[in-house]
Amino acid sequence: PGLSLMGRGNRMQVRLGDPSKLEAFQGNWATRAAETGAGIQTPQFRLPKPLPDSLLQRLYDLFLSSEGQEIMLRDFFTVWHERYPTEQFSYRSLGFRDVRALLSQVPFIEKVGGKVDAKYVLRRGQGSSTPPAAGQVQQQQPEFL
């Protein structure tokens, strides 16, 4: 309850659909475990922090200025450093293990292709000069602890 599966096959993802339903489920599970005296451990989830608006704006400008409004994953750091030579793309300090994890949280881009030929493209209808606000569109995925 509260979680939904998106995609299919090896591209399936678990997304947080309704946080209140997930919290209610965890509460019910904990109550039942306490009543029965069973030492059942409930899974713990942590929502990632929203991406800073300044980073979202830089990413949006980066994709708008790139050819075809798309960037190959293998070329992402090169394109970033060409556009922002004095700024590091510090995805780890934001709590992500790799660039793909961070880019999956950006509401106005989508992944096309597989591992070897993956590229990220600006979503259709996002060609304006400002990105959507992080809180309006961004869907958070729970992180399993």
# chains A, B, ... in the order shown; residues from 1 in each chain; ligands from 1

$ residues_around --residues "Gly17 in chain A" --least-positions-apart "4" --cutoff "6 Å" --atoms "only C-alpha atoms" --output "list of chain:residue names"
A:Gly2, A:Leu3, A:Ser4

$ closest_residue --among "A:Val106, A:Ala101, A:Leu122, A:Val116" --to "Ser65 in chain A" --atoms "only C-alpha atoms"
A:Leu122

$ select_by_dssp --residues "range 28-100 of chain A" --states "helix (DSSP H, G or I)" --output "PyMOL selection string"
chain A and resi 28-36+53-65+67-69+73-83+92-94+99-100

$ residues_around --residues "Met72 in chain A" --least-positions-apart "3" --cutoff "7 Å" --atoms "only C-alpha atoms" --output "ChimeraX atom specification"
/A:75-76,118-120

$ residues_around --residues "range 21-37 of chain A" --least-positions-apart "2" --cutoff "6 Å" --atoms "only C-alpha atoms" --output "CSV table (one decimal) with C-alpha atoms, in the first residue's frame"
chain,number,residue,atom,x,y,z
A,1,PRO,CA,0.0,0.0,0.0
A,2,GLY,CA,1.3,3.4,-1.0
A,18,ASP,CA,0.8,7.8,-1.5
A,19,PRO,CA,3.0,8.5,1.5

$ atom_distance --atom1 "CA of Leu64 in chain A" --atom2 "CA of Ser104 in chain A"
17.6 Å

$ select_by_dssp --residues "range 9-134 of chain A" --states "strand (DSSP E or B)" --output "PyMOL selection string"
chain A and resi 13-16+45-46+70-72+109-112+119-122

$ write_last_selection --atoms "N, CA and C atoms" --output "compact mmCIF listing (two decimals), in the first residue's frame"
# COMPACT_ATOMS: atom_id res chain seq x y z
N GLN A 13 10.40 0.02 -11.81
CA GLN A 13 10.80 0.83 -10.66
C GLN A 13 9.66 0.84 -9.65
N VAL A 14 10.03 0.96 -8.39
CA VAL A 14 9.05 1.15 -7.33
C VAL A 14 8.99 2.63 -7.04
N ARG A 15 7.80 3.20 -7.08
CA ARG A 15 7.61 4.64 -6.83
C ARG A 15 6.68 4.82 -5.64
N LEU A 16 6.90 5.89 -4.93
CA LEU A 16 6.03 6.25 -3.82
C LEU A 16 4.77 6.90 -4.39
N PHE A 45 12.07 3.32 5.28
CA PHE A 45 12.20 4.08 4.04
C PHE A 45 12.61 5.50 4.36
N ARG A 46 13.36 6.09 3.45
CA ARG A 46 13.76 7.48 3.59
C ARG A 46 13.58 8.15 2.24
N GLU A 70 19.25 16.90 -25.96
CA GLU A 70 19.54 15.58 -25.42
C GLU A 70 21.04 15.46 -25.15
N ILE A 71 21.37 14.61 -24.17
CA ILE A 71 22.77 14.38 -23.81
C ILE A 71 22.95 12.89 -23.57
N MET A 72 23.95 12.31 -24.23
CA MET A 72 24.28 10.92 -23.98
C MET A 72 24.84 10.80 -22.56
N ILE A 109 13.33 15.88 -17.52
CA ILE A 109 14.09 15.07 -18.48
C ILE A 109 13.68 13.62 -18.34
N GLU A 110 13.90 12.86 -19.40
CA GLU A 110 13.60 11.44 -19.36
C GLU A 110 14.71 10.66 -20.04
N LYS A 111 14.85 9.41 -19.62
CA LYS A 111 15.89 8.53 -20.15
C LYS A 111 15.35 7.80 -21.37
N VAL A 112 16.19 7.72 -22.40
CA VAL A 112 15.84 6.98 -23.61
C VAL A 112 16.98 6.02 -23.89
N LYS A 119 20.56 7.89 -23.21
CA LYS A 119 20.65 9.34 -23.33
C LYS A 119 19.47 9.94 -22.59
N TYR A 120 19.66 11.17 -22.16
CA TYR A 120 18.62 11.88 -21.44
C TYR A 120 18.16 13.04 -22.31
N VAL A 121 16.84 13.18 -22.42
CA VAL A 121 16.27 14.20 -23.30
C VAL A 121 15.30 15.07 -22.51
N LEU A 122 15.17 16.31 -22.94
CA LEU A 122 14.20 17.22 -22.36
C LEU A 122 12.81 16.73 -22.74

$ atom_distance --atom1 "CA of Leu73 in chain A" --atom2 "CA of Val99 in chain A"
8.4 Å
